[in-house]
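Containing mmCIF, C-alpha atoms and all ligand atoms: data_13.cif.
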data_structure
loop_
_atom_site.label_atom_id
_atom_site.label_comp_id
_atom_site.auth_asym_id
_atom_site.auth_seq_id
_atom_site.Cartn_x
_atom_site.Cartn_y
_atom_site.Cartn_z
CA MET A 1 62.44 129.13 -131.30
CA THR A 2 65.06 131.62 -130.16
CA PHE A 3 68.47 131.80 -131.70
CA SER A 4 71.34 134.23 -132.17
CA LEU A 5 73.44 134.67 -135.31
CA PRO A 6 76.47 136.86 -136.04
CA LEU A 7 75.83 139.82 -138.31
CA ASN A 8 79.15 141.29 -139.37
CA PRO A 9 79.24 145.04 -139.75
CA LYS A 10 81.94 144.65 -142.45
CA ALA A 11 79.51 142.54 -144.50
CA THR A 12 81.69 139.42 -144.65
CA GLY A 13 79.93 136.21 -143.76
CA ASN A 14 76.54 137.88 -143.73
CA ALA A 15 75.24 135.76 -146.58
CA ASP A 16 75.42 132.69 -144.33
CA THR A 17 73.58 134.41 -141.54
CA LEU A 18 70.90 135.78 -143.81
CA THR A 19 70.09 132.40 -145.32
CA GLN A 20 69.69 131.00 -141.80
CA LEU A 21 67.13 133.62 -140.83
CA PRO A 22 63.58 132.27 -140.90
CA ARG A 23 61.02 133.46 -143.43
CA SER A 24 58.34 133.31 -140.77
CA SER A 25 56.65 135.63 -138.28
CA GLY A 26 58.50 136.79 -135.25
CA VAL A 27 60.63 139.35 -133.51
CA TYR A 28 64.26 140.13 -134.27
CA ILE A 29 66.70 141.89 -131.99
CA PHE A 30 69.87 143.65 -133.16
CA LYS A 31 72.67 143.58 -130.62
CA GLY A 32 76.06 145.27 -130.59
CA ALA A 33 79.08 144.64 -128.40
CA GLY A 34 77.06 144.97 -125.20
CA THR A 35 74.20 142.85 -123.97
CA LEU A 36 71.49 145.48 -124.37
CA PRO A 37 69.62 145.47 -127.66
CA LEU A 38 70.14 148.25 -130.21
CA TYR A 39 66.84 147.72 -131.98
CA ILE A 40 63.80 145.43 -131.78
CA GLY A 41 61.43 144.85 -134.69
CA LYS A 42 58.81 142.41 -135.88
CA SER A 43 57.83 140.99 -139.23
CA VAL A 44 55.80 138.25 -140.86
CA ASP A 45 59.01 137.49 -142.82
CA ILE A 46 62.03 137.99 -140.56
CA ARG A 47 64.64 137.37 -143.26
CA SER A 48 63.39 139.89 -145.77
CA ARG A 49 62.82 142.50 -143.03
CA VAL A 50 66.40 142.15 -141.73
CA MET A 51 67.72 142.40 -145.30
CA SER A 52 65.79 145.61 -145.84
CA HIS A 53 67.37 147.09 -142.68
CA MET A 54 70.79 146.29 -144.17
CA ARG A 55 69.92 148.09 -147.40
CA ALA A 56 68.35 151.16 -145.77
CA GLU A 57 70.56 154.21 -146.22
CA ASP A 58 69.32 155.97 -143.09
CA GLU A 59 70.05 152.93 -140.92
CA VAL A 60 73.76 152.63 -141.73
CA GLU A 61 74.81 153.72 -138.26
CA MET A 62 72.58 151.22 -136.50
CA MET A 63 73.68 148.39 -138.78
CA SER A 64 77.37 149.27 -138.39
CA GLN A 65 77.02 148.78 -134.63
CA THR A 66 75.07 145.54 -134.98
CA MET A 67 77.09 142.38 -134.42
CA HIS A 68 74.38 139.81 -133.74
CA VAL A 69 70.80 139.30 -134.66
CA GLU A 70 68.57 137.35 -132.34
CA CYS A 71 65.27 135.90 -133.54
CA ILE A 72 62.19 134.75 -131.69
CA GLU A 73 59.79 133.05 -134.06
CA THR A 74 56.08 133.23 -133.42
CA ALA A 75 53.21 131.15 -134.81
CA GLY A 76 51.45 134.26 -136.10
CA GLU A 77 51.45 138.02 -136.50
CA ILE A 78 49.55 138.93 -133.33
CA GLY A 79 52.09 137.05 -131.23
CA ALA A 80 54.90 138.97 -132.96
CA LEU A 81 53.17 142.32 -132.32
CA LEU A 82 52.50 141.54 -128.65
CA LEU A 83 56.05 140.35 -128.08
CA GLU A 84 57.63 143.30 -129.91
CA SER A 85 55.60 145.82 -127.90
CA HIS A 86 56.39 144.04 -124.64
CA LEU A 87 60.15 143.81 -125.36
CA ILE A 88 60.49 147.43 -126.54
CA LYS A 89 58.81 148.68 -123.37
CA SER A 90 60.86 146.54 -121.03
CA LEU A 91 64.25 146.89 -122.78
CA ASN A 92 64.07 150.39 -124.32
CA PRO A 93 66.47 149.82 -127.27
CA ILE A 94 68.30 152.99 -128.25
CA PHE A 95 67.39 152.90 -131.94
CA ASN A 96 63.68 152.33 -131.46
CA VAL A 97 61.77 155.52 -131.60
CA ARG A 98 60.78 155.70 -127.98
CA LEU A 99 57.25 154.49 -127.54
CA ARG A 100 55.71 157.24 -125.55
CA ARG A 101 54.60 155.90 -122.22
CA LEU A 102 51.21 157.36 -121.65
CA ARG A 103 50.97 157.25 -117.90
CA SER A 104 47.53 158.70 -117.57
CA LEU A 105 45.22 158.17 -120.49
CA CYS A 106 42.02 160.14 -120.58
CA THR A 107 38.86 159.41 -122.48
CA LEU A 108 35.44 160.88 -123.24
CA GLN A 109 32.53 159.60 -121.19
CA ILE A 110 29.02 160.43 -122.29
CA VAL A 111 27.13 161.86 -119.33
CA LYS A 112 23.63 163.29 -118.85
CA GLN A 113 23.42 167.09 -119.11
CA GLY A 114 19.93 168.41 -118.47
CA GLU A 115 17.78 166.99 -121.24
CA GLY A 116 20.75 165.98 -123.36
CA TRP A 117 24.12 164.30 -123.32
CA MET A 118 27.63 165.68 -123.25
CA PRO A 119 31.13 164.22 -123.45
CA ALA A 120 32.98 164.64 -120.16
CA ILE A 121 36.77 164.33 -120.26
CA VAL A 122 37.68 161.80 -117.60
CA ASN A 123 40.81 160.04 -116.41
CA GLY A 124 40.83 156.50 -117.78
CA LYS A 125 42.47 155.06 -114.68
CA ASP A 126 39.52 155.96 -112.47
CA LEU A 127 37.12 154.25 -114.84
CA GLY A 128 38.72 150.88 -115.37
CA LEU A 129 39.47 151.41 -119.06
CA GLY A 130 38.56 148.41 -121.16
CA LYS A 131 35.96 147.25 -118.66
CA VAL A 132 33.14 149.75 -119.09
CA ASP A 133 31.04 150.86 -122.03
CA GLY A 134 30.19 154.39 -123.17
CA LEU A 135 33.78 155.59 -123.54
CA TYR A 136 35.20 157.22 -126.67
CA GLY A 137 38.77 157.98 -127.69
CA LEU A 138 42.04 157.53 -125.83
CA PHE A 139 44.17 160.61 -125.32
CA GLY A 140 47.51 161.35 -123.69
CA SER A 141 46.27 164.62 -122.21
CA VAL A 142 43.16 166.68 -121.49
CA HIS A 143 44.40 169.11 -124.12
CA ALA A 144 44.48 166.38 -126.78
CA ALA A 145 40.92 165.36 -125.88
CA GLN A 146 39.74 168.97 -126.18
CA SER A 147 41.44 169.38 -129.56
CA LYS A 148 39.69 166.27 -130.86
CA LEU A 149 36.32 167.57 -129.62
CA ARG A 150 36.92 170.93 -131.34
CA GLU A 151 37.79 169.11 -134.56
CA LEU A 152 34.60 167.02 -134.37
CA ALA A 153 32.52 170.11 -133.55
CA ASP A 154 33.91 171.77 -136.65
CA GLN A 155 33.27 168.77 -138.92
CA HIS A 156 29.79 168.01 -137.63
CA ARG A 157 28.61 171.55 -136.78
CA LEU A 158 28.21 170.76 -133.10
CA CYS A 159 27.86 173.34 -130.33
CA LEU A 160 31.08 174.02 -128.42
CA GLY A 161 28.97 175.30 -125.55
CA LEU A 162 27.02 172.06 -125.20
CA LEU A 163 30.28 170.12 -125.52
CA GLY A 164 31.52 171.92 -122.42
CA LEU A 165 34.30 173.80 -124.21
CA GLU A 166 32.74 177.28 -124.07
CA LYS A 167 30.39 179.35 -121.95
CA ILE A 168 26.98 179.88 -123.50
CA SER A 169 25.73 183.45 -123.31
CA LYS A 170 22.14 184.61 -123.82
CA ARG A 171 22.90 184.95 -127.52
CA GLY A 172 24.21 181.40 -127.70
CA CYS A 173 27.75 180.19 -128.22
CA PHE A 174 30.39 181.93 -130.31
CA GLY A 175 29.99 179.24 -132.98
CA LEU A 176 26.41 180.38 -133.54
CA GLN A 177 27.60 183.88 -134.47
CA VAL A 178 30.12 182.52 -136.97
CA LYS A 179 27.57 179.90 -138.13
CA THR A 180 29.57 176.79 -137.21
CA CYS A 181 26.98 175.80 -134.56
CA LEU A 182 23.52 174.86 -135.86
CA GLY A 183 21.98 176.48 -132.78
CA ALA A 184 21.20 173.75 -130.27
CA CYS A 185 22.41 176.15 -127.56
CA VAL A 186 19.50 178.56 -128.23
CA GLY A 187 16.87 176.05 -129.34
CA HIS A 188 17.29 176.60 -133.09
CA GLU A 189 18.14 172.95 -133.33
CA GLU A 190 16.42 170.23 -131.28
CA ARG A 191 18.76 168.92 -128.59
CA PRO A 192 18.21 165.21 -129.52
CA ASP A 193 19.24 165.99 -133.13
CA HIS A 194 22.43 167.63 -131.91
CA ASP A 195 23.21 164.75 -129.57
CA GLU A 196 22.59 162.17 -132.27
CA ARG A 197 25.15 163.90 -134.49
CA LEU A 198 27.55 163.97 -131.54
CA LEU A 199 27.19 160.22 -130.91
CA ASN A 200 27.56 159.43 -134.62
CA ALA A 201 30.72 161.53 -134.74
CA LEU A 202 32.14 159.57 -131.80
CA THR A 203 31.24 156.07 -133.05
CA ASP A 204 34.57 155.30 -134.69
CA MET A 205 36.40 156.25 -131.50
CA LYS A 206 34.53 153.84 -129.26
CA VAL A 207 36.70 152.19 -126.62
CA HIS A 208 35.38 148.67 -126.48
CA ALA A 209 34.69 147.12 -123.13
CA TRP A 210 36.21 143.66 -122.78
CA PRO A 211 33.56 141.45 -124.42
CA PHE A 212 34.21 138.26 -122.41
CA GLU A 213 33.49 137.14 -118.86
CA GLY A 214 37.11 136.52 -117.95
CA ALA A 215 40.37 135.56 -119.64
CA ILE A 216 40.57 134.14 -123.15
CA GLU A 217 43.26 132.50 -125.22
CA LEU A 218 43.88 133.85 -128.67
CA VAL A 219 45.21 130.93 -130.69
CA GLU A 220 47.69 131.21 -133.55
CA GLN A 221 48.84 128.23 -135.55
CA SER A 222 51.62 127.62 -138.04
CA GLY A 223 51.57 124.04 -139.32
CA ASP A 224 51.42 121.86 -136.20
CA TRP A 225 52.87 124.60 -134.02
CA ILE A 226 50.34 126.32 -131.78
CA GLN A 227 50.74 129.40 -129.61
CA ARG A 228 48.11 130.61 -127.15
CA HIS A 229 48.17 134.23 -126.01
CA ARG A 230 46.31 134.75 -122.77
CA ILE A 231 44.38 138.03 -122.61
CA GLN A 232 42.04 139.54 -120.04
CA ASP A 233 40.50 143.01 -120.02
CA TRP A 234 42.76 143.81 -123.02
CA ARG A 235 45.84 143.04 -120.91
CA TYR A 236 48.45 140.59 -122.24
CA LEU A 237 49.14 137.94 -119.63
CA GLY A 238 51.59 135.68 -121.48
CA THR A 239 51.96 133.06 -124.19
CA THR A 240 52.09 129.29 -124.04
CA CYS A 241 53.60 127.36 -126.87
CA SER A 242 53.19 123.76 -128.05
CA LYS A 243 56.90 123.51 -128.95
CA SER A 244 58.77 125.15 -126.08
CA SER A 245 58.18 126.33 -122.57
CA ALA A 246 56.00 129.37 -121.97
CA LEU A 247 57.29 132.76 -123.00
CA LYS A 248 58.00 134.74 -119.90
CA VAL A 249 56.05 137.96 -119.98
CA SER A 250 55.67 140.19 -116.97
CA VAL A 251 51.92 140.36 -116.59
CA GLN A 252 50.48 143.72 -117.55
CA GLN A 253 48.94 145.28 -114.49
CA SER A 254 47.05 148.06 -116.19
CA PHE A 255 45.42 148.96 -119.48
CA ASP A 256 48.04 149.52 -122.17
CA LEU A 257 47.16 151.49 -125.29
CA ASP A 258 49.48 149.60 -127.68
CA THR A 259 48.18 146.22 -126.53
CA TYR A 260 44.60 147.43 -126.95
CA LYS A 261 45.36 148.64 -130.49
CA ILE A 262 46.97 145.31 -131.43
CA LEU A 263 44.03 143.27 -130.14
CA VAL A 264 40.89 145.31 -130.71
CA LYS A 265 40.40 144.60 -134.41
CA PRO A 266 41.11 140.86 -134.48
CA ILE A 267 38.94 140.33 -131.39
CA MET A 268 36.02 142.67 -132.20
CA LEU A 269 35.83 141.68 -135.88
CA GLY A 270 35.91 138.02 -134.95
CA ASN A 271 38.93 137.32 -137.20
CA ALA A 272 40.93 135.66 -134.46
CA GLN A 273 40.59 132.12 -133.17
CA ILE A 274 39.51 132.50 -129.56
CA GLU A 275 39.06 129.97 -126.78
CA THR A 276 37.57 130.89 -123.45
CA VAL A 277 39.38 129.58 -120.38
ZN ZN B 301 26.04 176.68 -129.93
#

The structure in this file should be written as structure tokens.
Amino acid sequence: MTFSLPLNPKATGNADTLTQLPRSSGVYIFKGAGTLPLYIGKSVDIRSRVMSHMRAEDEVEMMSQTMHVECIETAGEIGALLLESHLIKSLNPIFNVRLRRLRSLCTLQIVKQGEGWMPAIVNGKDLGLGKVDGLYGLFGSVHAAQSKLRELADQHRLCLGLLGLEKISKRGCFGLQVKTCLGACVGHEERPDHDERLLNALTDMKVHAWPFEGAIELVEQSGDWIQRHRIQDWRYLGTTCSKSSALKVSVQQSFDLDTYKILVKPIMLGNAQIETV
């Protein structure tokens, strides 16, 4: 399912190449004179995506350096997304906007604070991200987590003092004076009401714990061609294929944000075909 075709920067002979490109899901790799890739992308229709790169005015430089296009077809879109993310991270093509490597992700953990609850900013590595419940949001820095909390406090009229972002004086938090806080810090609002609004505000940011006992296989099928992506604790462990030998993927050792984002919806919404192993 992997092949390489010439893509002439002078636009002669390209018509042949383009008609040979598959109209199916997969990853395509633009290569120049050297062996390292210039750009890696994915599409559910490789041919039309490559053609749109050739028409794009702001990609003229990249396309003028491209001499070959390599394709790896996949049985479905999730396989293409996983493979694209894996290849970009391991090969670092110069024309891909560098995927920021978030070395230390932090998250919000709801912890007991007196009679109520508060979000503590904690390092995801220490917690086993993707394995435990009660975590909300994934951030590249403590500062980013604090900014998000301030934004939520503003939207939902929460108390910055009770969120741990401000000292509470006898007269309450600063937000109380400017009427952004409903007064949980001085008892004007019942603490459980405040905390309920906090938890509601965080719901959409929930970091799902891995919902299975161990590894699963996410199955994608195109006609009689079947690919099985092995996943455990939101980590991508590799793909086996009914047509060719297994795709070699260096097993992800730790939680990876991009992989989580690719997998969380299809798995949590139950849209994907899943087999336990
Ligand atoms: Zn307050």

Given all atoms listed in the file, how would the per-residue table for range 109-228 of chain A near range 64-75 of chain A read, listing every residue at most 10 Å away with its closest atom pair and distance in Å to one decimal, sorted by chain and number, as CSV?
residue,atom,partner,partner_atom,distance
A:Val219,CA,A:Ala75,CA,9.0
A:Glu220,CA,A:Ala75,CA,5.7
A:Gln221,CA,A:Ala75,CA,5.3
A:Ser222,CA,A:Ala75,CA,5.0
A:Gly223,CA,A:Ala75,CA,8.6
A:Asp224,CA,A:Ala75,CA,9.6
A:Trp225,CA,A:Ala75,CA,6.6
A:Ile226,CA,A:Ala75,CA,6.4
A:Gln227,CA,A:Ala75,CA,6.0
A:Arg228,CA,A:Ala75,CA,9.2

Got a sec to check which residues lie within 8 Å of ligand ZN 301 (chain B), using all atoms listed in the file, and send them as a list in words? Leu158, Cys159, Leu160, Gly161, Leu162, Ile168, Gly172, Cys173, Phe174, Gly175, Leu176, Cys181, Leu182, Gly183, Ala184, Cys185 and Val186 of chain A

Write out as an mmCIF file with C-alpha atoms, in the frame of the given file the residues lying within 7 Å of Asp233 in chain A, counting all atoms listed in the file and excluding same-chain residues fewer than 3 positions away.
data_model
loop_
_atom_site.group_PDB
_atom_site.id
_atom_site.type_symbol
_atom_site.label_atom_id
_atom_site.label_comp_id
_atom_site.auth_asym_id
_atom_site.auth_seq_id
_atom_site.Cartn_x
_atom_site.Cartn_y
_atom_site.Cartn_z
ATOM 1 C CA GLY A 130 38.560 148.410 -121.160
ATOM 2 C CA LYS A 131 35.960 147.250 -118.660
ATOM 3 C CA TRP A 210 36.210 143.660 -122.780
#

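The coordinates place CA of Ile110 in chain A at 9.8 Å from CA of Asp133 in chain A.
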
Any idea what's packed within 10 Å of Gly128 in chain A, counting only C-alpha atoms, ignoring anything in its chain fewer than 6 positions away? Could you give it as a PyMOL selection string? chain A and resi 209+233+254-255

Need the shell around Val122 in chain A: protein/DNA/RNA residues with any atom at most 10 Å away, counting only C-alpha atoms. Skip same-chain ones fewer than 4 positions apart. Format as number ranges by chain? A: 105-110, 126-127, 135, 142, 145

Skip Tyr136 in chain A itself and residues of its chain fewer than 2 positions away, then list as a PDB file with C-alpha atoms, in the coordinates of the input all residues within 8 Å of it, counting all atoms listed in the file.
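Result file follows (out-v2.pdb):
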ATOM      1  CA  THR A 107      38.860 159.410-122.480  1.00  0.00           C
ATOM      2  CA  LEU A 108      35.440 160.880-123.240  1.00  0.00           C
ATOM      3  CA  GLN A 109      32.530 159.600-121.190  1.00  0.00           C
ATOM      4  CA  GLY A 134      30.190 154.390-123.170  1.00  0.00           C
ATOM      5  CA  LEU A 138      42.040 157.530-125.830  1.00  0.00           C
ATOM      6  CA  LEU A 202      32.140 159.570-131.800  1.00  0.00           C
ATOM      7  CA  THR A 203      31.240 156.070-133.050  1.00  0.00           C
ATOM      8  CA  MET A 205      36.400 156.250-131.500  1.00  0.00           C
ATOM      9  CA  LYS A 206      34.530 153.840-129.260  1.00  0.00           C
ATOM     10  CA  VAL A 207      36.700 152.190-126.620  1.00  0.00           C
TER      11      VAL A 207
END

Residues near Pro211 in chain A, anyone? I mean within 12 Å using only C-alpha atoms, not counting same-chain ones fewer than 4 positions away, as a PyMOL selection string. chain A and resi 130-133+207+215-216+231-234+264+267-270+274+276

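For the pair CA of Glu189 in chain A and CA of Ile121 in chain A, the separation is 24.3 Å.
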
Rank nothing, just name the residue among A:Val27, A:Ala56, A:Leu218, A:Leu263 nearest to Val277 in chain A, using all atoms listed in the file. A:Leu218

Rounded to one decimal, what separation in Å do you get between CA of Leu87 in chain A and CA of Phe212 in chain A? 26.7 Å

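Nearest residue to Pro119 in chain A among A:Met63, A:Val178, A:Ile40, A:Leu149 is A:Leu149, counting all atoms listed in the file.
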
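For the choices A:Gly116, A:Pro266, A:Pro6, A:Gly214, the atom-to-atom distance to Glu196 in chain A is smallest for A:Gly116 when using only C-alpha atoms.
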
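Checking A:Lys112, A:Lys125, A:Lys42, A:Arg157 one by one against Lys179 in chain A, counting all atoms listed in the file, you find the shortest gap at A:Arg157.
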
Could you pull out every residue with an atom within 12 Å of (56.9, 146.8, -125.9), file coordinates, counting all atoms listed in the file, and send them as a ChimeraX atom specification? /A:27,39-42,80-93,96-101,236,249-250,252,256-259,262

Atoms kept (C-alpha atoms) for selection, written as a PDB file, in the frame of the given file:
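This went into out11.pdb:
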ATOM      1  CA  VAL A  27      60.630 139.350-133.510  1.00  0.00           C
ATOM      2  CA  TYR A  39      66.840 147.720-131.980  1.00  0.00           C
ATOM      3  CA  ILE A  40      63.800 145.430-131.780  1.00  0.00           C
ATOM      4  CA  GLY A  41      61.430 144.850-134.690  1.00  0.00           C
ATOM      5  CA  LYS A  42      58.810 142.410-135.880  1.00  0.00           C
ATOM      6  CA  ALA A  80      54.900 138.970-132.960  1.00  0.00           C
ATOM      7  CA  LEU A  81      53.170 142.320-132.320  1.00  0.00           C
ATOM      8  CA  LEU A  82      52.500 141.540-128.650  1.00  0.00           C
ATOM      9  CA  LEU A  83      56.050 140.350-128.080  1.00  0.00           C
ATOM     10  CA  GLU A  84      57.630 143.300-129.910  1.00  0.00           C
ATOM     11  CA  SER A  85      55.600 145.820-127.900  1.00  0.00           C
ATOM     12  CA  HIS A  86      56.390 144.040-124.640  1.00  0.00           C
ATOM     13  CA  LEU A  87      60.150 143.810-125.360  1.00  0.00           C
ATOM     14  CA  ILE A  88      60.490 147.430-126.540  1.00  0.00           C
ATOM     15  CA  LYS A  89      58.810 148.680-123.370  1.00  0.00           C
ATOM     16  CA  SER A  90      60.860 146.540-121.030  1.00  0.00           C
ATOM     17  CA  LEU A  91      64.250 146.890-122.780  1.00  0.00           C
ATOM     18  CA  ASN A  92      64.070 150.390-124.320  1.00  0.00           C
ATOM     19  CA  PRO A  93      66.470 149.820-127.270  1.00  0.00           C
ATOM     20  CA  ASN A  96      63.680 152.330-131.460  1.00  0.00           C
ATOM     21  CA  VAL A  97      61.770 155.520-131.600  1.00  0.00           C
ATOM     22  CA  ARG A  98      60.780 155.700-127.980  1.00  0.00           C
ATOM     23  CA  LEU A  99      57.250 154.490-127.540  1.00  0.00           C
ATOM     24  CA  ARG A 100      55.710 157.240-125.550  1.00  0.00           C
ATOM     25  CA  ARG A 101      54.600 155.900-122.220  1.00  0.00           C
ATOM     26  CA  TYR A 236      48.450 140.590-122.240  1.00  0.00           C
ATOM     27  CA  VAL A 249      56.050 137.960-119.980  1.00  0.00           C
ATOM     28  CA  SER A 250      55.670 140.190-116.970  1.00  0.00           C
ATOM     29  CA  GLN A 252      50.480 143.720-117.550  1.00  0.00           C
ATOM     30  CA  ASP A 256      48.040 149.520-122.170  1.00  0.00           C
ATOM     31  CA  LEU A 257      47.160 151.490-125.290  1.00  0.00           C
ATOM     32  CA  ASP A 258      49.480 149.600-127.680  1.00  0.00           C
ATOM     33  CA  THR A 259      48.180 146.220-126.530  1.00  0.00           C
ATOM     34  CA  ILE A 262      46.970 145.310-131.430  1.00  0.00           C
TER      35      ILE A 262
END

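Distances here use all atoms listed in the file; by that measure, the residue among A:Glu151, A:Glu166, A:Leu129, A:Trp117 closest to Leu199 in chain A is A:Trp117.
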
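Restricting the calculation to only C-alpha atoms, the smallest distance between Ser4 in chain A and any of A:Ser48, A:Ser24, A:Ser147, A:Thr17 is found for A:Thr17.
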